[in-house]
$ cat structure33.pdb   # PDB, C-alpha atoms
ATOM      1  CA  MET A   1     -17.351 -15.093 -58.913  1.00  0.00           C
ATOM      2  CA  SER A   2     -17.593 -15.027 -62.718  1.00  0.00           C
ATOM      3  CA  ALA A   3     -14.567 -15.443 -64.947  1.00  0.00           C
ATOM      4  CA  LEU A   4     -12.355 -12.387 -65.226  1.00  0.00           C
ATOM      5  CA  LEU A   5     -12.945 -10.172 -68.246  1.00  0.00           C
ATOM      6  CA  ALA A   6     -10.070 -10.072 -70.723  1.00  0.00           C
ATOM      7  CA  TYR A   7      -8.993  -6.707 -72.077  1.00  0.00           C
ATOM      8  CA  GLY A   8      -9.907  -7.716 -75.619  1.00  0.00           C
ATOM      9  CA  ASP A   9     -13.428  -8.695 -74.566  1.00  0.00           C
ATOM     10  CA  ALA A  10     -14.101  -5.387 -72.813  1.00  0.00           C
ATOM     11  CA  VAL A  11     -15.772  -2.505 -74.664  1.00  0.00           C
ATOM     12  CA  ASP A  12     -13.975   0.824 -75.013  1.00  0.00           C
ATOM     13  CA  ILE A  13     -16.239   3.441 -73.383  1.00  0.00           C
ATOM     14  CA  GLY A  14     -14.528   6.300 -75.187  1.00  0.00           C
ATOM     15  CA  TYR A  15     -12.771   9.555 -74.353  1.00  0.00           C
ATOM     16  CA  GLY A  16      -9.874   7.796 -72.638  1.00  0.00           C
ATOM     17  CA  ARG A  17     -12.093   6.539 -69.825  1.00  0.00           C
ATOM     18  CA  GLY A  18     -11.248   2.858 -70.104  1.00  0.00           C
ATOM     19  CA  ARG A  19     -13.294  -0.244 -70.839  1.00  0.00           C
ATOM     20  CA  LEU A  20     -16.282  -2.146 -69.436  1.00  0.00           C
ATOM     21  CA  ALA A  21     -18.228  -5.338 -69.996  1.00  0.00           C
ATOM     22  CA  ALA A  22     -20.709  -4.905 -72.850  1.00  0.00           C
ATOM     23  CA  PRO A  23     -23.903  -4.546 -70.722  1.00  0.00           C
ATOM     24  CA  ALA A  24     -22.230  -2.034 -68.405  1.00  0.00           C
ATOM     25  CA  ALA A  25     -20.804  -0.108 -71.365  1.00  0.00           C
ATOM     26  CA  ALA A  26     -24.269   0.090 -72.944  1.00  0.00           C
ATOM     27  CA  SER A  27     -25.705   1.433 -69.698  1.00  0.00           C
ATOM     28  CA  LEU A  28     -22.968   4.041 -69.442  1.00  0.00           C
ATOM     29  CA  ALA A  29     -23.679   5.135 -73.025  1.00  0.00           C
ATOM     30  CA  ARG A  30     -27.303   5.771 -72.032  1.00  0.00           C
ATOM     31  CA  ILE A  31     -26.161   7.785 -69.012  1.00  0.00           C
ATOM     32  CA  ASP A  32     -23.772   9.726 -71.251  1.00  0.00           C
ATOM     33  CA  ALA A  33     -26.675  10.557 -73.567  1.00  0.00           C
ATOM     34  CA  VAL A  34     -28.742  11.954 -70.688  1.00  0.00           C
ATOM     35  CA  MET A  35     -25.816  13.994 -69.387  1.00  0.00           C
ATOM     36  CA  PHE A  36     -24.838  15.287 -72.814  1.00  0.00           C
ATOM     37  CA  ASP A  37     -28.378  16.453 -73.518  1.00  0.00           C
ATOM     38  CA  ALA A  38     -28.674  18.110 -70.094  1.00  0.00           C
ATOM     39  CA  TRP A  39     -25.189  19.503 -69.478  1.00  0.00           C
ATOM     40  CA  GLY A  40     -23.146  19.000 -72.638  1.00  0.00           C
ATOM     41  CA  ARG A  41     -20.731  16.514 -71.106  1.00  0.00           C
ATOM     42  CA  ARG A  42     -20.352  12.826 -70.333  1.00  0.00           C
ATOM     43  CA  MET A  43     -19.865  10.870 -67.131  1.00  0.00           C
ATOM     44  CA  ASP A  44     -16.530  11.392 -65.432  1.00  0.00           C
ATOM     45  CA  ILE A  45     -14.748   8.050 -65.068  1.00  0.00           C
ATOM     46  CA  ASN A  46     -11.495   7.719 -63.137  1.00  0.00           C
ATOM     47  CA  GLU A  47     -11.263   3.953 -63.530  1.00  0.00           C
ATOM     48  CA  ALA A  48     -13.409   1.236 -65.066  1.00  0.00           C
ATOM     49  CA  TRP A  49     -12.093  -2.212 -66.045  1.00  0.00           C
ATOM     50  CA  ARG A  50      -8.969  -3.116 -64.082  1.00  0.00           C
ATOM     51  CA  SER A  51      -6.333  -5.615 -65.110  1.00  0.00           C
ATOM     52  CA  PRO A  52      -5.803  -8.622 -62.805  1.00  0.00           C
ATOM     53  CA  ALA A  53      -2.189  -7.554 -62.272  1.00  0.00           C
ATOM     54  CA  ASP A  54      -3.242  -4.076 -61.135  1.00  0.00           C
ATOM     55  CA  ALA A  55      -5.934  -5.508 -58.876  1.00  0.00           C
ATOM     56  CA  ASP A  56      -3.511  -7.900 -57.206  1.00  0.00           C
ATOM     57  CA  GLU A  57      -0.996  -5.091 -56.678  1.00  0.00           C
ATOM     58  CA  ASN A  58      -3.686  -2.861 -55.146  1.00  0.00           C
ATOM     59  CA  ALA A  59      -4.668  -5.707 -52.830  1.00  0.00           C
ATOM     60  CA  ARG A  60      -1.049  -6.221 -51.787  1.00  0.00           C
ATOM     61  CA  LYS A  61      -0.665  -2.538 -50.880  1.00  0.00           C
ATOM     62  CA  TYR A  62      -3.939  -2.532 -48.968  1.00  0.00           C
ATOM     63  CA  GLN A  63      -2.996  -5.607 -46.970  1.00  0.00           C
ATOM     64  CA  ALA A  64       0.388  -4.043 -46.155  1.00  0.00           C
ATOM     65  CA  TRP A  65      -1.398  -0.948 -44.851  1.00  0.00           C
ATOM     66  CA  LEU A  66      -3.725  -3.073 -42.718  1.00  0.00           C
ATOM     67  CA  ALA A  67      -0.752  -4.980 -41.319  1.00  0.00           C
ATOM     68  CA  PHE A  68       0.936  -1.700 -40.385  1.00  0.00           C
ATOM     69  CA  GLN A  69      -2.236  -0.618 -38.584  1.00  0.00           C
ATOM     70  CA  ARG A  70      -1.990  -3.802 -36.512  1.00  0.00           C
ATOM     71  CA  GLY A  71       1.608  -3.120 -35.521  1.00  0.00           C
ATOM     72  CA  GLY A  72       3.480  -4.551 -38.492  1.00  0.00           C
ATOM     73  CA  PRO A  73       6.168  -2.905 -40.647  1.00  0.00           C
ATOM     74  CA  TRP A  74       5.494   0.620 -41.850  1.00  0.00           C
ATOM     75  CA  ALA A  75       3.488   0.886 -45.068  1.00  0.00           C
ATOM     76  CA  PRO A  76       1.879   3.908 -46.740  1.00  0.00           C
ATOM     77  CA  TRP A  77      -1.865   4.385 -46.694  1.00  0.00           C
ATOM     78  CA  ALA A  78      -3.658   2.516 -49.463  1.00  0.00           C
ATOM     79  CA  PRO A  79      -7.318   2.465 -50.524  1.00  0.00           C
ATOM     80  CA  ILE A  80      -9.369  -0.679 -50.188  1.00  0.00           C
ATOM     81  CA  GLY A  81      -8.131  -3.169 -52.740  1.00  0.00           C
ATOM     82  CA  LEU A  82      -9.343  -6.671 -53.543  1.00  0.00           C
ATOM     83  CA  PRO A  83      -7.409  -9.322 -55.456  1.00  0.00           C
ATOM     84  CA  ALA A  84      -8.376  -9.943 -59.054  1.00  0.00           C
ATOM     85  CA  ASP A  85     -10.574 -12.940 -58.284  1.00  0.00           C
ATOM     86  CA  GLU A  86     -12.690 -10.778 -55.938  1.00  0.00           C
ATOM     87  CA  SER A  87     -12.656  -7.439 -57.776  1.00  0.00           C
ATOM     88  CA  VAL A  88     -15.744  -6.361 -59.712  1.00  0.00           C
ATOM     89  CA  HIS A  89     -13.493  -3.974 -61.637  1.00  0.00           C
ATOM     90  CA  CYS A  90     -11.863  -7.046 -63.190  1.00  0.00           C
ATOM     91  CA  LEU A  91     -15.290  -8.171 -64.420  1.00  0.00           C
ATOM     92  CA  GLY A  92     -15.918  -4.828 -66.131  1.00  0.00           C
ATOM     93  CA  TYR A  93     -18.948  -4.053 -63.962  1.00  0.00           C
ATOM     94  CA  ALA A  94     -17.541  -1.272 -61.766  1.00  0.00           C
ATOM     95  CA  ILE A  95     -16.523   2.355 -62.174  1.00  0.00           C
ATOM     96  CA  ASP A  96     -14.893   4.976 -59.991  1.00  0.00           C
ATOM     97  CA  THR A  97     -16.284   8.452 -60.642  1.00  0.00           C
ATOM     98  CA  ASP A  98     -16.173  11.975 -59.239  1.00  0.00           C
ATOM     99  CA  ASP A  99     -19.812  12.497 -60.290  1.00  0.00           C
ATOM    100  CA  THR A 100     -21.050  11.408 -56.874  1.00  0.00           C
ATOM    101  CA  ASP A 101     -23.754  14.094 -56.902  1.00  0.00           C
ATOM    102  CA  LEU A 102     -25.480  12.099 -59.654  1.00  0.00           C
ATOM    103  CA  VAL A 103     -26.298   9.076 -57.499  1.00  0.00           C
ATOM    104  CA  TRP A 104     -29.959   9.412 -58.504  1.00  0.00           C
ATOM    105  CA  LEU A 105     -29.068   9.129 -62.196  1.00  0.00           C
ATOM    106  CA  LEU A 106     -26.667   6.248 -61.677  1.00  0.00           C
ATOM    107  CA  ASN A 107     -29.193   4.379 -59.517  1.00  0.00           C
ATOM    108  CA  ASP A 108     -31.871   4.844 -62.169  1.00  0.00           C
ATOM    109  CA  HIS A 109     -29.540   3.130 -64.637  1.00  0.00           C
ATOM    110  CA  GLY A 110     -28.580   0.267 -62.333  1.00  0.00           C
ATOM    111  CA  TRP A 111     -25.355   1.589 -60.781  1.00  0.00           C
ATOM    112  CA  TYR A 112     -25.035   1.463 -56.986  1.00  0.00           C
ATOM    113  CA  GLN A 113     -22.451   2.296 -54.345  1.00  0.00           C
ATOM    114  CA  THR A 114     -21.366  -0.939 -52.691  1.00  0.00           C
ATOM    115  CA  VAL A 115     -18.326  -0.306 -50.500  1.00  0.00           C
ATOM    116  CA  TYR A 116     -19.520  -0.089 -46.901  1.00  0.00           C
ATOM    117  CA  ARG A 117     -17.703  -0.831 -43.668  1.00  0.00           C
ATOM    118  CA  ASN A 118     -19.649  -1.170 -40.415  1.00  0.00           C
ATOM    119  CA  GLY A 119     -22.701   0.285 -42.121  1.00  0.00           C
ATOM    120  CA  ALA A 120     -20.880   3.398 -43.364  1.00  0.00           C
ATOM    121  CA  LEU A 121     -20.246   4.246 -47.013  1.00  0.00           C
ATOM    122  CA  VAL A 122     -16.461   4.495 -47.301  1.00  0.00           C
ATOM    123  CA  GLU A 123     -15.988   4.739 -51.072  1.00  0.00           C
ATOM    124  CA  PRO A 124     -18.691   7.067 -52.445  1.00  0.00           C
ATOM    125  CA  TRP A 125     -16.903   7.143 -55.802  1.00  0.00           C
ATOM    126  CA  HIS A 126     -17.235   3.391 -56.428  1.00  0.00           C
ATOM    127  CA  PHE A 127     -20.328   2.135 -58.297  1.00  0.00           C
ATOM    128  CA  GLU A 128     -21.188  -1.352 -59.507  1.00  0.00           C
ATOM    129  CA  TYR A 129     -23.637  -2.223 -62.257  1.00  0.00           C
ATOM    130  CA  PHE A 130     -26.660  -4.473 -61.636  1.00  0.00           C
ATOM    131  CA  PRO A 131     -28.440  -5.137 -64.955  1.00  0.00           C
ATOM    132  CA  ASP A 132     -31.669  -6.310 -63.317  1.00  0.00           C
ATOM    133  CA  ARG A 133     -31.936  -2.957 -61.490  1.00  0.00           C
ATOM    134  CA  ASP A 134     -31.375  -0.875 -64.638  1.00  0.00           C
ATOM    135  CA  ASN A 135     -34.665   0.843 -65.473  1.00  0.00           C
ATOM    136  CA  HIS A 136     -33.414   1.607 -68.982  1.00  0.00           C
ATOM    137  CA  ARG A 137     -31.827  -1.681 -70.016  1.00  0.00           C
ATOM    138  CA  TYR A 138     -34.368  -2.097 -72.819  1.00  0.00           C
ATOM    139  CA  ASP A 139     -34.118   1.488 -74.064  1.00  0.00           C
ATOM    140  CA  THR A 140     -32.818   2.191 -77.537  1.00  0.00           C
ATOM    141  CA  GLY A 141     -31.534   5.451 -78.958  1.00  0.00           C
ATOM    142  CA  ALA A 142     -28.672   7.314 -80.554  1.00  0.00           C
ATOM    143  CA  PRO A 143     -25.269   7.602 -78.862  1.00  0.00           C
ATOM    144  CA  ALA A 144     -24.570  10.692 -76.796  1.00  0.00           C
ATOM    145  CA  GLY A 145     -24.253  13.856 -78.825  1.00  0.00           C
ATOM    146  CA  GLU A 146     -25.709  12.359 -82.003  1.00  0.00           C
ATOM    147  CA  THR A 147     -29.125  12.450 -83.618  1.00  0.00           C
ATOM    148  CA  GLU A 148     -30.909   9.404 -84.923  1.00  0.00           C
ATOM    149  CA  THR A 149     -31.423  10.916 -88.377  1.00  0.00           C
ATOM    150  CA  ASP A 150     -30.234  13.942 -90.322  1.00  0.00           C
ATOM    151  CA  MET A 151     -33.389  15.736 -91.430  1.00  0.00           C
ATOM    152  CA  PRO A 152     -33.239  17.069 -95.013  1.00  0.00           C
ATOM    153  CA  LEU A 153     -33.774  20.774 -95.574  1.00  0.00           C
ATOM    154  CA  SER A 154     -37.154  21.869 -96.851  1.00  0.00           C
ATOM    155  CA  THR A 155     -37.493  24.045 -99.965  1.00  0.00           C
ATOM    156  CA  ASP A 156     -38.259  27.079 -97.796  1.00  0.00           C
ATOM    157  CA  GLU A 157     -35.175  26.440 -95.663  1.00  0.00           C
ATOM    158  CA  LYS A 158     -32.971  26.173 -98.751  1.00  0.00           C
ATOM    159  CA  ASP A 159     -34.403  29.428-100.142  1.00  0.00           C
ATOM    160  CA  TRP A 160     -33.731  31.172 -96.835  1.00  0.00           C
ATOM    161  CA  LEU A 161     -30.151  29.876 -96.772  1.00  0.00           C
ATOM    162  CA  ARG A 162     -29.536  31.062-100.334  1.00  0.00           C
ATOM    163  CA  LEU A 163     -30.769  34.527 -99.386  1.00  0.00           C
ATOM    164  CA  MET A 164     -28.657  34.572 -96.233  1.00  0.00           C
ATOM    165  CA  VAL A 165     -25.548  33.500 -98.152  1.00  0.00           C
ATOM    166  CA  ARG A 166     -26.129  36.118-100.836  1.00  0.00           C
ATOM    167  CA  GLN A 167     -26.778  38.975 -98.427  1.00  0.00           C
ATOM    168  CA  GLU A 168     -24.573  38.195 -95.447  1.00  0.00           C
ATOM    169  CA  LEU A 169     -21.559  36.317 -96.787  1.00  0.00           C
ATOM    170  CA  GLY A 170     -21.440  38.231-100.033  1.00  0.00           C
ATOM    171  CA  GLY A 171     -21.542  41.532 -98.183  1.00  0.00           C
ATOM    172  CA  ALA A 172     -18.895  40.402 -95.700  1.00  0.00           C
ATOM    173  CA  LEU A 173     -16.583  39.311 -98.518  1.00  0.00           C
ATOM    174  CA  VAL A 174     -16.920  42.649-100.272  1.00  0.00           C
ATOM    175  CA  LYS A 175     -16.190  44.546 -97.058  1.00  0.00           C
ATOM    176  CA  ALA A 176     -13.131  42.427 -96.288  1.00  0.00           C
ATOM    177  CA  PHE A 177     -11.288  43.348 -99.479  1.00  0.00           C
ATOM    178  CA  ASP A 178     -10.631  46.581-101.342  1.00  0.00           C
ATOM    179  CA  PHE A 179     -12.606  45.578-104.431  1.00  0.00           C
ATOM    180  CA  THR A 180     -13.239  47.717-107.478  1.00  0.00           C
ATOM    181  CA  PRO A 181     -16.927  48.116-108.446  1.00  0.00           C
ATOM    182  CA  ASP A 182     -16.562  45.374-111.070  1.00  0.00           C
ATOM    183  CA  ASP A 183     -14.857  43.080-108.565  1.00  0.00           C
ATOM    184  CA  LYS A 184     -17.657  43.658-106.053  1.00  0.00           C
ATOM    185  CA  ALA A 185     -20.250  42.544-108.569  1.00  0.00           C
ATOM    186  CA  TRP A 186     -18.160  39.492-109.438  1.00  0.00           C
ATOM    187  CA  ALA A 187     -17.683  38.581-105.758  1.00  0.00           C
ATOM    188  CA  ARG A 188     -21.403  38.761-105.031  1.00  0.00           C
ATOM    189  CA  LEU A 189     -22.183  36.638-108.085  1.00  0.00           C
ATOM    190  CA  MET A 190     -19.549  34.063-107.133  1.00  0.00           C
ATOM    191  CA  VAL A 191     -20.921  33.728-103.600  1.00  0.00           C
ATOM    192  CA  ARG A 192     -24.469  33.457-104.892  1.00  0.00           C
ATOM    193  CA  GLN A 193     -23.651  30.809-107.485  1.00  0.00           C
ATOM    194  CA  GLU A 194     -21.060  28.710-105.682  1.00  0.00           C
ATOM    195  CA  LEU A 195     -22.148  28.683-102.041  1.00  0.00           C
ATOM    196  CA  GLY A 196     -25.860  29.003-102.671  1.00  0.00           C
ATOM    197  CA  GLY A 197     -25.720  26.245-105.260  1.00  0.00           C
ATOM    198  CA  ALA A 198     -23.779  23.979-102.933  1.00  0.00           C
ATOM    199  CA  ILE A 199     -26.503  24.324-100.311  1.00  0.00           C
ATOM    200  CA  ALA A 200     -29.212  23.523-102.843  1.00  0.00           C
ATOM    201  CA  THR A 201     -27.478  20.450-104.276  1.00  0.00           C
ATOM    202  CA  ASP A 202     -26.123  18.929-101.063  1.00  0.00           C
ATOM    203  CA  GLY A 203     -27.452  15.385-101.032  1.00  0.00           C
ATOM    204  CA  GLY A 204     -27.419  15.055 -97.248  1.00  0.00           C
ATOM    205  CA  GLY A 205     -29.264  16.809 -94.511  1.00  0.00           C
ATOM    206  CA  ALA A 206     -28.060  19.668 -92.375  1.00  0.00           C
ATOM    207  CA  LYS A 207     -24.683  18.904 -90.814  1.00  0.00           C
TER     208      LYS A 207
END

$ encode --input "structure33.pdb" --output "structure tokens"
Amino acid sequence: MSALLAYGDAVDIGYGRGRLAAPAAASLARIDAVMFDAWGRRMDINEAWRSPADADENARKYQAWLAFQRGGPWAPWAPIGLPADESVHCLGYAIDTDDTDLVWLLNDHGWYQTVYRNGALVEPWHFEYFPDRDNHRYDTGAPAGETETDMPLSTDEKDWLRLMVRQELGGALVKAFDFTPDDKAWARLMVRQELGGAIATDGGGAK
């Protein structure tokens, strides 16, 4: 088995979901992009990289449960747990997820369920990443929820925005306050000059 992945060498996958090895994190970012475009959310991750200490403790609890099943001292149920030197979680190439209905998407990106016992899948939530089976490992693109470029507004779009600001925002401002006739004229002029001008002179694209 490869050397264990140190916390500092793992990549933060964002949104409090943990960390992964760089290739696995890049794959997850591509999956996130697909999911965000389709459903407005990212992959649910319950656990990703696991510390060696946590892995060894999980293994201890699992072995205690197995011993109890064989007639040993009582121990509470525990999920399958491997020691750090056998755990793919400790390499940063495994995730546990509730998105088990997206097996097709995960498989397409190189993630596969691997925990079987006697031919039966016993941990449908556990997926491991296989870079050589990732059909998108050479894809490039923007991170989930972002666009590759901010397109500048055309002259027609700026003219339309000026008109909208003048008519809609100016009218709403006048209605919101008990203005005198002179104040109404001033308010409309202020909206037209300040907000409309800001749209026209904004150096960036639409935000």

$ closest_residue --input "structure33.pdb" --among "A:Ala29, A:Ile95, A:Leu106, A:Ala84" --to "Ile13 of chain A" --atoms "only C-alpha atoms"
A:Ala29

$ resolve_selection --input "structure33.pdb" --expression "the PyMOL selection byres ((chain A and resi 99) around 8)" --output "count of residues only"
9

$ resolve_selection --input "structure33.pdb" --expression "the PyMOL selection byres ((chain A and resi 68-79) around 12)" --output "list in words"
Ala55, Glu57, Asn58, Ala59, Arg60, Lys61, Tyr62, Gln63, Ala64, Trp65, Leu66, Ala67, Ile80, Gly81, Leu82, Val115, Val122, Glu123, Trp125 and His126 of chain A

$ atom_distance --input "structure33.pdb" --atom1 "atom CA of Trp104 of chain A" --atom2 "atom CA of Arg42 of chain A"
15.6 Å

$ residues_around --input "structure33.pdb" --residues "Ala94 of chain A" --least-positions-apart "3" --cutoff "6 Å" --atoms "only C-alpha atoms" --output "VMD selection string"
chain A and resid 48 88 to 89 127 to 128

$ write_last_selection --input "structure33.pdb" --atoms "C-alpha atoms" --output "mmCIF file, in the coordinates of the input"
data_model
loop_
_atom_site.group_PDB
_atom_site.id
_atom_site.type_symbol
_atom_site.label_atom_id
_atom_site.label_comp_id
_atom_site.auth_asym_id
_atom_site.auth_seq_id
_atom_site.Cartn_x
_atom_site.Cartn_y
_atom_site.Cartn_z
ATOM 1 C CA ALA A 48 -13.409 1.236 -65.066
ATOM 2 C CA VAL A 88 -15.744 -6.361 -59.712
ATOM 3 C CA HIS A 89 -13.493 -3.974 -61.637
ATOM 4 C CA PHE A 127 -20.328 2.135 -58.297
ATOM 5 C CA GLU A 128 -21.188 -1.352 -59.507
#

$ resolve_selection --input "structure33.pdb" --expression "the PyMOL selection byres ((chain A and resi 134) around 9)" --output "list in words"
Ser27, Asn107, Asp108, His109, Gly110, Trp111, Tyr129, Phe130, Pro131, Asp132, Arg133, Asn135, His136, Arg137 and Tyr138 of chain A

$ atom_distance --input "structure33.pdb" --atom1 "atom CA of Asn46 of chain A" --atom2 "atom CA of Leu20 of chain A"
12.6 Å

$ atom_distance --input "structure33.pdb" --atom1 "atom CA of Ala3 of chain A" --atom2 "atom CA of Glu86 of chain A"
10.3 Å

$ residues_near_point --input "structure33.pdb" --point "(-11.2, 7.5, -66.6)" --cutoff "6 Å" --atoms "all atoms listed in the file" --output "MDAnalysis selection string"
chainID A and resid 17:18 45:47
